[in-house]
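start.txt follows; it contains compact mmCIF, C-alpha atoms and all ligand atoms.
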```txt
# COMPACT_ATOMS: atom_id res chain seq x y z
CA MET J 214 27.30 34.67 -9.00
CA ILE J 215 27.11 33.48 -12.61
CA LEU J 216 25.30 35.05 -15.57
CA VAL J 217 23.40 32.72 -17.87
CA THR J 218 22.04 34.09 -21.16
CA GLY J 219 19.09 32.41 -22.86
CA GLY J 220 18.19 30.62 -19.64
CA ALA J 221 14.47 30.52 -20.46
CA GLY J 222 15.10 28.34 -23.52
CA PHE J 223 15.33 24.57 -23.74
CA ILE J 224 18.94 23.87 -22.72
CA GLY J 225 19.38 27.08 -20.72
CA GLY J 226 16.21 26.32 -18.74
CA ASN J 227 17.40 22.82 -17.88
CA PHE J 228 20.80 24.27 -16.93
CA VAL J 229 19.26 26.87 -14.58
CA LEU J 230 17.13 24.22 -12.82
CA ASP J 231 20.04 21.78 -12.45
CA TYR J 232 22.45 24.49 -11.31
CA LEU J 233 20.14 25.82 -8.60
CA ALA J 234 19.33 22.27 -7.45
CA ASN J 235 22.76 22.38 -5.82
CA PRO J 236 22.24 24.14 -2.44
CA LYS J 237 25.92 25.15 -2.35
CA VAL J 238 25.76 27.56 -5.32
CA SER J 239 25.45 31.23 -4.42
CA GLY J 240 23.21 32.37 -7.25
CA LEU J 241 22.46 32.85 -10.90
CA VAL J 242 21.31 35.74 -13.09
CA ASN J 243 19.30 34.76 -16.16
CA LEU J 244 19.30 37.30 -19.01
CA ASP J 245 16.78 36.31 -21.65
CA LYS J 246 14.98 38.32 -24.31
CA LEU J 247 11.97 35.95 -24.14
CA THR J 248 11.60 35.38 -27.85
CA TYR J 249 9.02 32.78 -28.91
CA ALA J 250 11.54 30.15 -27.68
CA GLY J 251 11.87 31.53 -24.15
CA ASN J 252 9.34 30.13 -21.71
CA PRO J 253 9.15 31.42 -18.11
CA GLU J 254 6.86 28.44 -17.26
CA THR J 255 9.97 26.24 -17.37
CA LEU J 256 11.42 28.22 -14.46
CA LYS J 257 8.29 28.35 -12.26
CA SER J 258 9.89 26.16 -9.59
CA VAL J 259 12.81 28.57 -9.00
CA GLU J 260 10.90 31.83 -9.44
CA HIS J 261 10.90 32.52 -5.68
CA ASP J 262 14.38 31.16 -4.96
CA PRO J 263 16.29 34.20 -3.55
CA ARG J 264 19.40 33.02 -5.42
CA TYR J 265 17.62 33.35 -8.78
CA HIS J 266 17.41 36.68 -10.67
CA PHE J 267 15.57 36.98 -13.97
CA ILE J 268 16.18 39.94 -16.30
CA GLN J 269 14.33 40.27 -19.59
CA GLY J 270 16.73 41.76 -22.13
CA ASP J 271 18.95 41.33 -25.15
CA ILE J 272 22.55 40.06 -25.11
CA GLY J 273 23.20 42.78 -27.70
CA ASN J 274 22.34 45.55 -25.22
CA ILE J 275 25.83 46.55 -24.05
CA SER J 276 24.74 48.99 -21.33
CA LEU J 277 22.27 46.49 -19.82
CA VAL J 278 24.86 43.68 -19.82
CA SER J 279 27.52 46.00 -18.35
CA ASP J 280 25.16 47.02 -15.53
CA LEU J 281 24.32 43.40 -14.73
CA LEU J 282 27.97 42.36 -14.65
CA GLU J 283 28.78 45.15 -12.16
CA LYS J 284 25.63 44.91 -10.05
CA PHE J 285 25.85 41.16 -9.47
CA ALA J 286 29.69 40.95 -9.43
CA ILE J 287 29.56 38.21 -12.06
CA THR J 288 32.34 35.62 -11.94
CA ALA J 289 31.40 33.52 -14.99
CA ILE J 290 29.07 33.59 -18.00
CA VAL J 291 27.39 30.76 -19.85
CA ASN J 292 26.12 32.00 -23.20
CA PHE J 293 23.14 29.94 -24.41
CA ALA J 294 21.22 32.84 -26.01
CA ALA J 295 20.70 32.27 -29.72
CA GLU J 296 18.20 31.81 -32.46
CA SER J 297 18.40 28.03 -32.71
CA HIS J 298 15.99 26.56 -35.25
CA VAL J 299 17.38 25.63 -38.69
CA ASP J 300 14.01 25.83 -40.50
CA ARG J 301 13.38 29.33 -39.17
CA SER J 302 16.88 30.36 -40.28
CA ILE J 303 16.05 29.26 -43.83
CA LEU J 304 12.82 31.27 -43.88
CA GLY J 305 14.35 34.37 -42.25
CA PRO J 306 18.11 34.48 -41.58
CA GLY J 307 18.17 38.12 -40.40
CA GLU J 308 17.38 37.43 -36.73
CA PHE J 309 20.05 34.74 -36.69
CA ILE J 310 22.73 37.16 -37.83
CA GLN J 311 21.44 39.79 -35.40
CA THR J 312 21.44 37.65 -32.26
CA ASN J 313 24.01 34.96 -32.95
CA VAL J 314 26.63 37.17 -34.61
CA VAL J 315 26.00 40.83 -33.71
CA GLY J 316 24.55 39.95 -30.29
CA THR J 317 27.53 37.74 -29.40
CA PHE J 318 29.90 40.51 -30.53
CA HIS J 319 28.20 43.06 -28.26
CA LEU J 320 28.12 40.60 -25.37
CA LEU J 321 31.85 39.94 -25.79
CA GLU J 322 32.58 43.66 -25.81
CA ALA J 323 30.58 44.29 -22.63
CA VAL J 324 32.26 41.35 -20.93
CA ARG J 325 35.73 42.36 -22.07
CA ALA J 326 35.35 45.89 -20.66
CA TYR J 327 34.19 44.43 -17.31
CA TRP J 328 36.84 41.70 -17.21
CA GLU J 329 39.72 44.09 -18.03
CA LYS J 330 38.87 46.14 -14.91
CA LEU J 331 38.67 43.17 -12.53
CA PRO J 332 41.37 43.01 -9.87
CA SER J 333 43.98 40.26 -10.01
CA GLY J 334 42.50 37.02 -8.62
CA PRO J 335 38.89 37.42 -9.87
CA LYS J 336 40.39 38.35 -13.24
CA GLU J 337 42.29 35.06 -13.56
CA SER J 338 39.40 32.90 -12.37
CA PHE J 339 36.78 34.60 -14.59
CA ARG J 340 35.27 32.42 -17.37
CA PHE J 341 33.18 33.05 -20.50
CA LEU J 342 31.68 29.76 -21.72
CA HIS J 343 30.14 29.88 -25.18
CA VAL J 344 27.63 27.11 -25.97
CA SER J 345 27.71 26.00 -29.60
CA THR J 346 26.71 23.18 -31.89
CA ASP J 347 28.20 20.34 -33.93
CA GLU J 348 26.42 21.78 -36.99
CA VAL J 349 29.33 24.23 -37.49
CA TYR J 350 31.40 21.29 -38.80
CA GLY J 351 29.05 20.65 -41.74
CA THR J 352 27.94 17.21 -42.85
CA LEU J 353 29.57 13.75 -42.78
CA ALA J 354 29.53 10.87 -45.28
CA PRO J 355 28.40 7.52 -43.79
CA THR J 356 31.96 6.21 -43.30
CA ASP J 357 33.64 9.45 -42.16
CA PRO J 358 35.00 9.53 -38.61
CA ALA J 359 32.96 11.59 -36.12
CA PHE J 360 33.73 15.32 -35.72
CA SER J 361 36.68 16.08 -33.47
CA GLU J 362 37.65 19.54 -32.19
CA THR J 363 40.15 19.91 -35.05
CA ASN J 364 37.63 19.41 -37.87
CA PRO J 365 37.43 22.42 -40.18
CA TYR J 366 34.30 24.56 -39.93
CA GLU J 367 32.00 23.99 -42.94
CA PRO J 368 28.55 25.29 -41.92
CA ASN J 369 25.74 24.75 -44.44
CA SER J 370 22.63 26.49 -43.06
CA PRO J 371 22.12 30.13 -42.06
CA TYR J 372 21.79 28.85 -38.46
CA SER J 373 25.07 26.92 -38.45
CA ALA J 374 26.87 29.73 -40.32
CA SER J 375 25.75 32.23 -37.68
CA LYS J 376 26.87 29.92 -34.86
CA ALA J 377 30.21 29.33 -36.63
CA ALA J 378 30.68 33.11 -36.87
CA SER J 379 29.97 33.48 -33.14
CA ASP J 380 32.47 30.70 -32.30
CA HIS J 381 35.12 32.54 -34.33
CA LEU J 382 34.42 35.81 -32.52
CA VAL J 383 34.75 34.08 -29.14
CA ARG J 384 38.02 32.49 -30.22
CA ALA J 385 39.37 35.84 -31.48
CA TRP J 386 38.45 37.64 -28.22
CA HIS J 387 40.68 35.12 -26.44
CA HIS J 388 43.60 35.27 -28.83
CA THR J 389 43.48 39.05 -29.31
CA TYR J 390 42.38 40.37 -25.90
CA GLY J 391 43.12 37.43 -23.61
CA LEU J 392 39.47 37.00 -22.53
CA PRO J 393 39.30 33.64 -20.69
CA VAL J 394 36.88 31.79 -22.96
CA LEU J 395 35.79 28.18 -23.34
CA THR J 396 33.69 26.86 -26.24
CA THR J 397 31.58 23.71 -26.30
CA ASN J 398 30.17 22.14 -29.48
CA CYS J 399 27.38 19.73 -28.70
CA SER J 400 25.30 17.28 -30.68
CA ASN J 401 21.46 17.32 -30.84
CA ASN J 402 19.81 17.55 -27.43
CA TYR J 403 16.50 16.09 -26.34
CA GLY J 404 14.63 15.98 -23.03
CA PRO J 405 12.16 17.98 -20.89
CA TYR J 406 11.07 21.56 -21.73
CA HIS J 407 11.91 21.27 -25.45
CA PHE J 408 9.89 23.58 -27.69
CA PRO J 409 7.76 21.34 -29.95
CA GLU J 410 9.04 22.71 -33.25
CA LYS J 411 12.00 20.30 -32.90
CA LEU J 412 11.74 16.67 -33.98
CA ILE J 413 11.40 14.73 -30.71
CA PRO J 414 8.82 16.87 -28.83
CA LEU J 415 6.94 17.45 -32.09
CA VAL J 416 6.61 13.72 -32.69
CA ILE J 417 5.57 12.91 -29.11
CA LEU J 418 2.90 15.63 -29.00
CA ASN J 419 1.60 15.03 -32.53
CA ALA J 420 1.40 11.29 -31.84
CA ILE J 421 -0.76 11.64 -28.74
CA ASN J 422 -2.90 14.32 -30.40
CA GLY J 423 -3.67 12.04 -33.38
CA LYS J 424 -1.73 14.21 -35.87
CA ASN J 425 0.72 13.29 -38.64
CA LEU J 426 4.33 12.54 -37.70
CA PRO J 427 6.25 14.45 -40.41
CA ILE J 428 9.54 12.93 -41.62
CA TYR J 429 11.77 14.97 -43.93
CA GLY J 430 12.74 13.21 -47.20
CA ASP J 431 13.63 9.55 -46.67
CA GLY J 432 14.20 9.91 -42.91
CA GLN J 433 17.72 8.54 -43.21
CA GLN J 434 19.45 11.69 -41.93
CA ILE J 435 21.67 10.74 -39.00
CA ARG J 436 21.94 12.80 -35.82
CA ASP J 437 23.91 12.13 -32.65
CA TRP J 438 21.58 12.50 -29.64
CA LEU J 439 22.39 13.62 -26.10
CA TYR J 440 19.99 13.84 -23.16
CA VAL J 441 19.85 17.51 -22.15
CA LYS J 442 20.76 16.87 -18.49
CA ASP J 443 23.99 15.25 -19.69
CA HIS J 444 24.75 18.36 -21.75
CA CYS J 445 24.17 20.48 -18.64
CA SER J 446 26.53 18.35 -16.55
CA ALA J 447 29.18 18.62 -19.29
CA ILE J 448 28.88 22.42 -19.30
CA ARG J 449 29.28 22.53 -15.51
CA ARG J 450 32.36 20.32 -15.83
CA VAL J 451 33.91 22.52 -18.53
CA LEU J 452 33.18 25.61 -16.43
CA GLU J 453 34.94 24.06 -13.40
CA LYS J 454 37.80 22.19 -15.02
CA GLY J 455 38.11 23.22 -18.68
CA GLN J 456 41.32 24.80 -19.90
CA VAL J 457 40.94 28.41 -21.01
CA GLY J 458 41.03 28.87 -24.80
CA GLN J 459 40.03 25.25 -25.44
CA THR J 460 37.07 23.81 -27.32
CA TYR J 461 35.29 20.67 -26.09
CA ASN J 462 32.98 18.53 -28.21
CA ILE J 463 30.07 17.07 -26.24
CA GLY J 464 28.09 14.09 -27.45
CA GLY J 465 26.41 10.88 -26.39
CA TRP J 466 27.78 8.41 -28.98
CA ASN J 467 24.18 7.86 -30.06
CA GLU J 468 23.91 8.05 -33.83
CA LYS J 469 20.35 7.41 -35.02
CA THR J 470 18.46 8.07 -38.24
CA ASN J 471 15.47 10.36 -37.86
CA LEU J 472 13.24 7.44 -38.84
CA GLU J 473 14.73 5.26 -36.07
CA VAL J 474 14.09 8.04 -33.53
CA VAL J 475 10.46 8.41 -34.59
CA ARG J 476 9.87 4.63 -34.60
CA THR J 477 11.40 4.31 -31.12
CA ILE J 478 9.08 7.03 -29.78
CA CYS J 479 6.09 5.23 -31.36
CA GLN J 480 7.12 1.91 -29.76
CA ILE J 481 7.40 3.52 -26.31
CA LEU J 482 4.00 5.17 -26.72
CA ASP J 483 2.49 1.90 -27.98
CA SER J 484 3.70 0.22 -24.79
CA ILE J 485 2.62 2.85 -22.24
CA GLN J 486 -0.44 4.44 -23.83
CA PRO J 487 -1.68 2.06 -26.57
CA LYS J 488 -4.15 3.27 -29.20
CA PRO J 489 -7.42 1.33 -29.48
CA HIS J 490 -6.41 0.24 -33.01
CA GLY J 491 -2.99 0.06 -34.70
CA SER J 492 0.28 1.75 -33.80
CA TYR J 493 1.37 5.38 -33.49
CA ALA J 494 3.78 4.54 -36.35
CA ASP J 495 0.72 4.51 -38.66
CA GLN J 496 0.74 8.33 -38.31
CA ILE J 497 4.20 8.66 -39.97
CA THR J 498 4.02 10.89 -43.07
CA TYR J 499 6.91 11.71 -45.38
CA VAL J 500 7.24 15.42 -46.29
CA LYS J 501 9.49 17.31 -48.73
CA ASP J 502 13.09 17.42 -47.53
CA ARG J 503 14.59 20.59 -46.05
CA PRO J 504 16.83 22.47 -48.56
CA GLY J 505 20.54 21.79 -47.97
CA HIS J 506 19.69 19.20 -45.29
CA ASP J 507 22.91 17.84 -43.76
CA ARG J 508 23.04 14.07 -44.03
CA ARG J 509 24.95 13.06 -40.94
CA TYR J 510 26.39 14.60 -37.75
CA ALA J 511 28.43 12.62 -35.26
CA ILE J 512 30.49 13.84 -32.31
CA ASP J 513 33.74 12.39 -31.06
CA ALA J 514 33.51 13.22 -27.35
CA SER J 515 36.77 11.53 -26.36
CA LYS J 516 38.58 14.80 -25.43
CA ILE J 517 36.10 15.87 -22.73
CA GLU J 518 35.91 12.28 -21.47
CA ARG J 519 39.68 11.87 -21.32
CA GLU J 520 40.72 15.33 -20.10
CA LEU J 521 37.79 16.30 -17.85
CA GLY J 522 36.47 12.86 -16.86
CA TRP J 523 32.91 13.61 -18.07
CA LYS J 524 30.59 10.85 -19.29
CA PRO J 525 26.88 10.92 -20.15
CA GLN J 526 24.60 9.19 -17.62
CA GLU J 527 21.83 8.27 -20.08
CA THR J 528 21.85 5.95 -23.09
CA PHE J 529 19.47 6.86 -25.89
CA ASP J 530 17.06 4.13 -24.73
CA THR J 531 16.86 5.39 -21.13
CA GLY J 532 16.83 9.08 -22.08
CA ILE J 533 14.14 8.81 -24.72
CA ARG J 534 11.86 6.82 -22.39
CA LYS J 535 12.27 9.47 -19.66
CA THR J 536 11.50 12.15 -22.25
CA VAL J 537 8.31 10.51 -23.51
CA GLU J 538 7.15 9.98 -19.92
CA TRP J 539 7.93 13.64 -19.10
CA TYR J 540 5.76 14.93 -21.98
CA LEU J 541 2.91 12.62 -20.98
CA SER J 542 2.93 13.80 -17.38
CA ASN J 543 3.61 17.55 -17.84
CA THR J 544 0.50 18.53 -19.73
CA GLN J 545 0.30 21.98 -18.12
CA TRP J 546 3.65 22.92 -19.68
CA THR J 547 2.83 21.38 -23.06
CA GLN J 548 -0.63 23.00 -23.25
CA GLY J 549 1.02 26.34 -22.51
CA VAL J 550 3.35 26.09 -25.50
CA LEU J 551 0.77 24.64 -27.89
CA SER J 552 -0.67 28.13 -28.30
CA GLY J 553 -2.16 29.79 -31.39
CA ASN J 554 1.19 31.35 -32.19
CA TYR J 555 2.93 28.01 -32.20
CA GLN J 556 0.20 26.37 -34.25
CA HIS J 557 0.49 29.11 -36.88
CA TRP J 558 4.20 28.31 -37.30
CA ILE J 559 3.60 24.55 -37.55
CA ASP J 560 0.82 25.07 -40.12
CA GLN J 561 3.29 27.06 -42.26
CA GLN J 562 5.73 24.13 -42.12
CA TYR J 563 3.77 20.98 -42.84
P1 LIG W 601 16.25 27.76 -27.59
O1 LIG W 601 15.88 28.35 -28.90
O2 LIG W 601 15.35 26.78 -26.93
O3 LIG W 601 16.51 28.94 -26.53
C1 LIG W 601 17.17 30.12 -26.84
C2 LIG W 601 16.91 31.13 -25.73
O4 LIG W 601 17.64 32.32 -26.03
C3 LIG W 601 15.43 31.54 -25.61
O5 LIG W 601 15.04 31.54 -24.27
C4 LIG W 601 15.40 32.94 -26.19
O6 LIG W 601 14.38 33.76 -25.61
C5 LIG W 601 16.79 33.44 -25.85
N1 LIG W 601 17.26 34.51 -26.75
C6 LIG W 601 17.19 34.54 -28.10
N2 LIG W 601 17.73 35.67 -28.57
C7 LIG W 601 18.18 36.38 -27.48
C8 LIG W 601 18.84 37.61 -27.32
N3 LIG W 601 19.15 38.39 -28.37
N4 LIG W 601 19.15 38.01 -26.08
C9 LIG W 601 18.82 37.26 -25.00
N5 LIG W 601 18.17 36.08 -25.09
C10 LIG W 601 17.87 35.64 -26.33
O7 LIG W 601 17.70 27.15 -27.82
P2 LIG W 601 18.37 25.85 -27.16
O8 LIG W 601 17.98 24.66 -27.95
O9 LIG W 601 18.14 25.86 -25.71
O10 LIG W 601 19.89 26.13 -27.47
C11 LIG W 601 20.69 26.90 -26.56
C12 LIG W 601 22.09 27.05 -27.14
O11 LIG W 601 22.66 25.77 -27.34
C13 LIG W 601 22.10 27.74 -28.51
O12 LIG W 601 23.22 28.59 -28.54
C14 LIG W 601 22.26 26.61 -29.50
O13 LIG W 601 22.93 27.05 -30.65
C15 LIG W 601 23.08 25.63 -28.69
N6 LIG W 601 22.90 24.20 -29.03
C16 LIG W 601 21.63 23.67 -29.12
C17 LIG W 601 21.50 22.31 -29.39
C18 LIG W 601 20.14 21.64 -29.43
O14 LIG W 601 20.05 20.47 -29.78
N7 LIG W 601 19.07 22.31 -29.07
C19 LIG W 601 22.62 21.51 -29.60
C20 LIG W 601 23.89 22.11 -29.51
C21 LIG W 601 24.01 23.46 -29.21
```
Could you show the structure in this file as structure tokens?
Amino acid sequence: MILVTGGAGFIGGNFVLDYLANPKVSGLVNLDKLTYAGNPETLKSVEHDPRYHFIQGDIGNISLVSDLLEKFAITAIVNFAAESHVDRSILGPGEFIQTNVVGTFHLLEAVRAYWEKLPSGPKESFRFLHVSTDEVYGTLAPTDPAFSETNPYEPNSPYSASKAASDHLVRAWHHTYGLPVLTTNCSNNYGPYHFPEKLIPLVILNAINGKNLPIYGDGQQIRDWLYVKDHCSAIRRVLEKGQVGQTYNIGGWNEKTNLEVVRTICQILDSIQPKPHGSYADQITYVKDRPGHDRRYAIDASKIERELGWKPQETFDTGIRKTVEWYLSNTQWTQGVLSGNYQHWIDQQY
């Protein structure tokens, strides 16, 4: 039985669904605090699966985590739980330090105490996989090589600094206490069940609702995009085959400017759901740039490809088309998240 934290969020939710789609797996416990970013609707289809156990709670609650580890005889952990939105971290960094740094520390301590008592056998095969981001490496100039696992950490936002701190704690718990950890640093994800405060779902939903498509600054910021299901398959691969103590960068070799991403979404929408007049691109509006906005991220994923034989299944073109189609056909989910609370946050932003 594995323990997933933050499994009601975007990537965690996709991971839970994909993991349980395999009839051979014995089960999964999902520990999620259900912040604004956690959405039980995402997990409706597995709610009654006897192999699925949902617990609402905080990764920082040591006694709760300890009880869960014992009760379900956990053999591995995948830690997705985090505050994850850069803009929110700029407005209020406190929660980011609390969950991403202090919460990860408490989680590590609960897991260490449990792991140290495991008998030989389960102790050696136990794994703690920490899910992190490429943003810990900082920003790249246009001609710099993509981030490899040996790049120095140079985080620039409160979000990336808090994730960098958590990565360092995870690393230290391996080197100091021997905890069998693995860390993954992934590029920007996109796909189904993505909360529409992030660029791609925001643009799709604003476009079809006749709203502005906000672009920060000149729109030339470059991100490296990976379809979320490919991230999930990479995490499963690292969990099965990764070498303890190692870090694996995960990416799709898909560098795009934000403007290119938005234009591509508009072209897809123009082709499948044309407006009576003009293009969705007419809704593009340039807004003031985010402070300290990193210019370029790019991931060199050659280590995971070479050592673990993982490759993404989707190109950006196939993944983004699937994503647009998913948002058009899953209106119940999207209406659920487009609540008053969400709208209040968006109104503050743009
Ligand atoms: P998300 O914000 O969609 O989901 C986070 C989940 O964690 C939510 O369900 C939330 O309720 C839960 N959570 C928050 N604080 C918690 C706490 N204290 N205890 C328990 N649960 C808590 O985030 P996401 O986009 O799915 O990202 C998941 C992980 O992947 C994060 O660690 C993030 O840093 C990392 N990551 C994200 C991306 C991306 O593009 N989204 C890329 C690389 C890495």
For Leu472 in chain J: contacts at 9 Å, only C-alpha atoms, fewer than 3 positions along chain excluded, given as a compact mmCIF listing (two decimals) with C-alpha atoms, in the coordinates of the input:
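Result saved to part-v2.txt:
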```txt
# COMPACT_ATOMS: atom_id res chain seq x y z
CA ILE J 428 9.54 12.93 -41.62
CA ASP J 431 13.63 9.55 -46.67
CA GLY J 432 14.20 9.91 -42.91
CA GLN J 433 17.72 8.54 -43.21
CA GLN J 434 19.45 11.69 -41.93
CA LYS J 469 20.35 7.41 -35.02
CA VAL J 475 10.46 8.41 -34.59
CA ARG J 476 9.87 4.63 -34.60
CA THR J 477 11.40 4.31 -31.12
```
Could you please extract the residues within 8 Å of ligand LIG 601 (chain W), counting only C-alpha atoms and all ligand atoms, and hand them back as a short mmCIF file (atom, residue, chain, number, x, y, z; two decimals) with C-alpha atoms, in the coordinates of the input?
```cif
data_model
loop_
_atom_site.label_atom_id
_atom_site.label_comp_id
_atom_site.auth_asym_id
_atom_site.auth_seq_id
_atom_site.Cartn_x
_atom_site.Cartn_y
_atom_site.Cartn_z
CA THR J 218 22.04 34.09 -21.16
CA GLY J 219 19.09 32.41 -22.86
CA GLY J 220 18.19 30.62 -19.64
CA ALA J 221 14.47 30.52 -20.46
CA GLY J 222 15.10 28.34 -23.52
CA PHE J 223 15.33 24.57 -23.74
CA ILE J 224 18.94 23.87 -22.72
CA GLY J 225 19.38 27.08 -20.72
CA GLY J 226 16.21 26.32 -18.74
CA LEU J 244 19.30 37.30 -19.01
CA ASP J 245 16.78 36.31 -21.65
CA LYS J 246 14.98 38.32 -24.31
CA LEU J 247 11.97 35.95 -24.14
CA THR J 248 11.60 35.38 -27.85
CA TYR J 249 9.02 32.78 -28.91
CA ALA J 250 11.54 30.15 -27.68
CA GLY J 251 11.87 31.53 -24.15
CA ASN J 252 9.34 30.13 -21.71
CA GLN J 269 14.33 40.27 -19.59
CA GLY J 270 16.73 41.76 -22.13
CA ASP J 271 18.95 41.33 -25.15
CA ILE J 272 22.55 40.06 -25.11
CA GLY J 273 23.20 42.78 -27.70
CA ASN J 292 26.12 32.00 -23.20
CA PHE J 293 23.14 29.94 -24.41
CA ALA J 294 21.22 32.84 -26.01
CA ALA J 295 20.70 32.27 -29.72
CA GLU J 296 18.20 31.81 -32.46
CA SER J 297 18.40 28.03 -32.71
CA HIS J 298 15.99 26.56 -35.25
CA GLN J 311 21.44 39.79 -35.40
CA THR J 312 21.44 37.65 -32.26
CA ASN J 313 24.01 34.96 -32.95
CA GLY J 316 24.55 39.95 -30.29
CA HIS J 343 30.14 29.88 -25.18
CA VAL J 344 27.63 27.11 -25.97
CA SER J 345 27.71 26.00 -29.60
CA THR J 346 26.71 23.18 -31.89
CA ASP J 347 28.20 20.34 -33.93
CA GLU J 348 26.42 21.78 -36.99
CA LYS J 376 26.87 29.92 -34.86
CA ASN J 398 30.17 22.14 -29.48
CA CYS J 399 27.38 19.73 -28.70
CA SER J 400 25.30 17.28 -30.68
CA ASN J 401 21.46 17.32 -30.84
CA ASN J 402 19.81 17.55 -27.43
CA TYR J 403 16.50 16.09 -26.34
CA HIS J 407 11.91 21.27 -25.45
CA PHE J 408 9.89 23.58 -27.69
#
```
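Between CA of Ala289 in chain J and CA of Glu337 in chain J the interatomic distance comes to 11.1 Å.
Put simply, CA of Val383 in chain J is 20.0 Å away from CA of Ser370 in chain J.
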Which residue of J:Lys442, J:Leu342, J:Gln496, J:Thr531 approaches Gln459 in chain J most closely, using only C-alpha atoms: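 Comparing J:Lys442, J:Leu342, J:Gln496, J:Thr531 against Gln459 in chain J, the winner is J:Leu342.
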Find the residues near range 385-394 of chain J: any atom within 10 Å, counting all atoms listed in the file, skip ones fewer than 4 places away on the same chain, and give them as a PyMOL selection string. chain J and resi 289-290+318+321-322+324-326+328-329+336-343+379-381+452+455-460
Would you pick out the contacts of range 542-549 of chain J at 9 Å or less, using only C-alpha atoms, so that residues sharing its chain but fewer than 4 positions from it are not included, and give the list as a PyMOL selection string? chain J and resi 254-255+406+408-409+418+537-538
Distance CA of Pro263 in chain J-CA of Glu283 in chain J, one decimal place?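 Interatomic distance, CA of Pro263 in chain J to CA of Glu283 in chain J: 18.7 Å.
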Residue nearest Asp502 in chain J - candidates J:His319, J:Asp300, J:Gly305, J:Leu482, atoms counted: all atoms listed in the file: J:Asp300
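For the residues J:Pro236, J:Gly404, J:Gly464, J:Pro358, ranking by smallest atom-to-atom distance to Lys516 in chain J using all atoms listed in the file places J:Gly464 first.
Among the candidate residues J:Ile417, J:Val291, J:Leu216, J:Val314, the one lying nearest to Val242 in chain J is J:Leu216, with distances computed using all atoms listed in the file.
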Shell around Val451 in chain J at 9 Å using all atoms listed in the file, local window under 6 positions removed, as a list in words: Leu342, Leu395, Thr396, Thr397, Tyr461, Ile517, Leu521 and Trp523 of chain J
Using all atoms listed in the file, which residues sit within 12 Å of Asp357 in chain J once same-chain residues fewer than 2 positions away are excluded, as a PyMOL selection string? chain J and resi 352-355+359-361+364+508-513
Which one of J:Leu281, J:Ile310, J:Leu426, J:Ala377 sits closest to His266 in chain J if you count only C-alpha atoms?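 The shortest atom-to-atom distance to His266 in chain J comes from J:Leu281.
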What would the list of residues within 7 Å of (21.7, 22.8, -45.1) (file frame) look like as a list in words, if all atoms listed in the file are what count?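 Taken together, the residues in range are Asn369, Ser370, Pro504, Gly505, His506 and Asp507 of chain J.
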Rank nothing, just name the residue among J:Met214, J:Ala514, J:Leu233, J:Val238 nearest to Phe285 in chain J, using all atoms listed in the file. J:Met214
